[in-house]
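Chemist: Sharing a structure here in C-alpha cells format.
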Amino acid sequence: MKIYTRKGDEGQTSLIGGTRVSKAHMRIDAYGTVDELNSYIGWLRDLSGQAVSAGVLIEIQDRLFTIGSLLASDPVSSKMKLPELKESDVIFLEEEMDRLTKTCRK
C-alpha cells in the first residue's frame with residue numbers, strides 16, 4: 001500500500017468518519033498539540049527511570065490518547081466506537097497537573 005495518492009489534498013484532511021476539514025482547522029491543531037504533548041510525556045517517562053512516576057505518566061498518556069481520538073473524529077458521521085472521557089478522567093488530569101507542578105517548583 002502506498003502512502004501517497006498523487007491526487008493532492010488541496011489543504012484538506014479527513015477526520016475519523018470521513019468529514020473533510022481544512023488542515024488549518026482548530027481540531028487538527030488541537031489533536032496535533034495533544035499528540036506532541038503525549039510524545040514529550042513518553043520521552044520523560046523513558047528518562048525518569050522511576051516506576052511510580054512512569055505508572056502515572058502512562059495513565060496521563062492514556063487519557064491524552066482518548067482526547068486525541070475524540071478530537072480527530074467527527075461525532076456525527078463517525079461510526080467508530082471511541083473511548084469516553086469521563087469527569088473522573090478530567091479530575092485525575094487536573095490533580096496530577098497540580099501535584100506535578102508543586103513537585104517541579106521545589
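Chain labels run A, B, ... following the order of the C-alpha cells; each chain numbers its residues from 1, and ligands are numbered from 1 in the order shown.
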Using DSSP on the backbone, list every residue of chain A that comes out as helix (DSSP H, G or I), and give them as a ChimeraX atom specification.

Modeler: /A:26-48,51-71,87-105

Chemist: Got time to write the residues from that selection, C-alpha atoms, as a PDB file, in the first residue's frame?

Modeler:
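Result went into again28.pdb, see below:
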ATOM      1  CA  MET A  26      -8.662  24.124  15.105  1.00  0.00           C
ATOM      2  CA  ARG A  27      -9.413  20.393  15.577  1.00  0.00           C
ATOM      3  CA  ILE A  28      -6.333  19.442  13.569  1.00  0.00           C
ATOM      4  CA  ASP A  29      -4.199  21.905  15.510  1.00  0.00           C
ATOM      5  CA  ALA A  30      -5.647  20.664  18.817  1.00  0.00           C
ATOM      6  CA  TYR A  31      -5.036  16.960  18.253  1.00  0.00           C
ATOM      7  CA  GLY A  32      -1.582  17.712  16.867  1.00  0.00           C
ATOM      8  CA  THR A  33      -0.781  19.601  20.053  1.00  0.00           C
ATOM      9  CA  VAL A  34      -2.154  16.776  22.225  1.00  0.00           C
ATOM     10  CA  ASP A  35      -0.070  14.281  20.245  1.00  0.00           C
ATOM     11  CA  GLU A  36       3.056  16.391  20.692  1.00  0.00           C
ATOM     12  CA  LEU A  37       2.428  16.618  24.447  1.00  0.00           C
ATOM     13  CA  ASN A  38       1.955  12.852  24.549  1.00  0.00           C
ATOM     14  CA  SER A  39       5.295  12.288  22.840  1.00  0.00           C
ATOM     15  CA  TYR A  40       7.068  14.552  25.355  1.00  0.00           C
ATOM     16  CA  ILE A  41       5.483  12.663  28.227  1.00  0.00           C
ATOM     17  CA  GLY A  42       6.693   9.378  26.722  1.00  0.00           C
ATOM     18  CA  TRP A  43      10.180  10.825  26.476  1.00  0.00           C
ATOM     19  CA  LEU A  44      10.061  11.975  30.110  1.00  0.00           C
ATOM     20  CA  ARG A  45       8.818   8.550  31.138  1.00  0.00           C
ATOM     21  CA  ASP A  46      11.813   6.937  29.490  1.00  0.00           C
ATOM     22  CA  LEU A  47      14.187   9.390  31.171  1.00  0.00           C
ATOM     23  CA  SER A  48      12.676   9.209  34.659  1.00  0.00           C
ATOM     24  CA  ALA A  51       8.399   3.062  38.294  1.00  0.00           C
ATOM     25  CA  VAL A  52       5.908   5.146  40.318  1.00  0.00           C
ATOM     26  CA  SER A  53       6.239   8.187  38.066  1.00  0.00           C
ATOM     27  CA  ALA A  54       6.197   6.001  34.970  1.00  0.00           C
ATOM     28  CA  GLY A  55       2.863   4.490  36.017  1.00  0.00           C
ATOM     29  CA  VAL A  56       1.271   7.908  36.459  1.00  0.00           C
ATOM     30  CA  LEU A  57       2.714   9.126  33.169  1.00  0.00           C
ATOM     31  CA  ILE A  58       1.291   6.067  31.387  1.00  0.00           C
ATOM     32  CA  GLU A  59      -2.137   6.909  32.838  1.00  0.00           C
ATOM     33  CA  ILE A  60      -1.804  10.506  31.635  1.00  0.00           C
ATOM     34  CA  GLN A  61      -0.791   9.302  28.178  1.00  0.00           C
ATOM     35  CA  ASP A  62      -3.812   7.009  28.066  1.00  0.00           C
ATOM     36  CA  ARG A  63      -6.139   9.963  28.757  1.00  0.00           C
ATOM     37  CA  LEU A  64      -4.339  12.043  26.129  1.00  0.00           C
ATOM     38  CA  PHE A  65      -4.828   9.292  23.530  1.00  0.00           C
ATOM     39  CA  THR A  66      -8.536   9.349  24.352  1.00  0.00           C
ATOM     40  CA  ILE A  67      -8.666  13.138  23.966  1.00  0.00           C
ATOM     41  CA  GLY A  68      -6.760  12.925  20.673  1.00  0.00           C
ATOM     42  CA  SER A  69      -9.100  10.297  19.243  1.00  0.00           C
ATOM     43  CA  LEU A  70     -12.143  12.377  20.193  1.00  0.00           C
ATOM     44  CA  LEU A  71     -10.644  15.476  18.571  1.00  0.00           C
ATOM     45  CA  GLU A  87     -15.374  13.601  34.538  1.00  0.00           C
ATOM     46  CA  SER A  88     -13.178  11.361  36.708  1.00  0.00           C
ATOM     47  CA  ASP A  89     -10.547  11.425  33.928  1.00  0.00           C
ATOM     48  CA  VAL A  90     -10.555  15.223  33.912  1.00  0.00           C
ATOM     49  CA  ILE A  91     -10.278  15.320  37.707  1.00  0.00           C
ATOM     50  CA  PHE A  92      -7.360  12.852  37.550  1.00  0.00           C
ATOM     51  CA  LEU A  93      -5.545  15.014  34.993  1.00  0.00           C
ATOM     52  CA  GLU A  94      -6.145  18.205  36.985  1.00  0.00           C
ATOM     53  CA  GLU A  95      -4.935  16.619  40.222  1.00  0.00           C
ATOM     54  CA  GLU A  96      -1.798  15.266  38.548  1.00  0.00           C
ATOM     55  CA  MET A  97      -1.074  18.650  36.958  1.00  0.00           C
ATOM     56  CA  ASP A  98      -1.333  20.266  40.391  1.00  0.00           C
ATOM     57  CA  ARG A  99       0.835  17.590  42.019  1.00  0.00           C
ATOM     58  CA  LEU A 100       3.495  17.697  39.309  1.00  0.00           C
ATOM     59  CA  THR A 101       3.539  21.492  39.295  1.00  0.00           C
ATOM     60  CA  LYS A 102       4.208  21.504  43.061  1.00  0.00           C
ATOM     61  CA  THR A 103       6.965  18.893  42.618  1.00  0.00           C
ATOM     62  CA  CYS A 104       8.664  20.928  39.880  1.00  0.00           C
ATOM     63  CA  ARG A 105       8.581  24.148  41.892  1.00  0.00           C
TER      64      ARG A 105
END
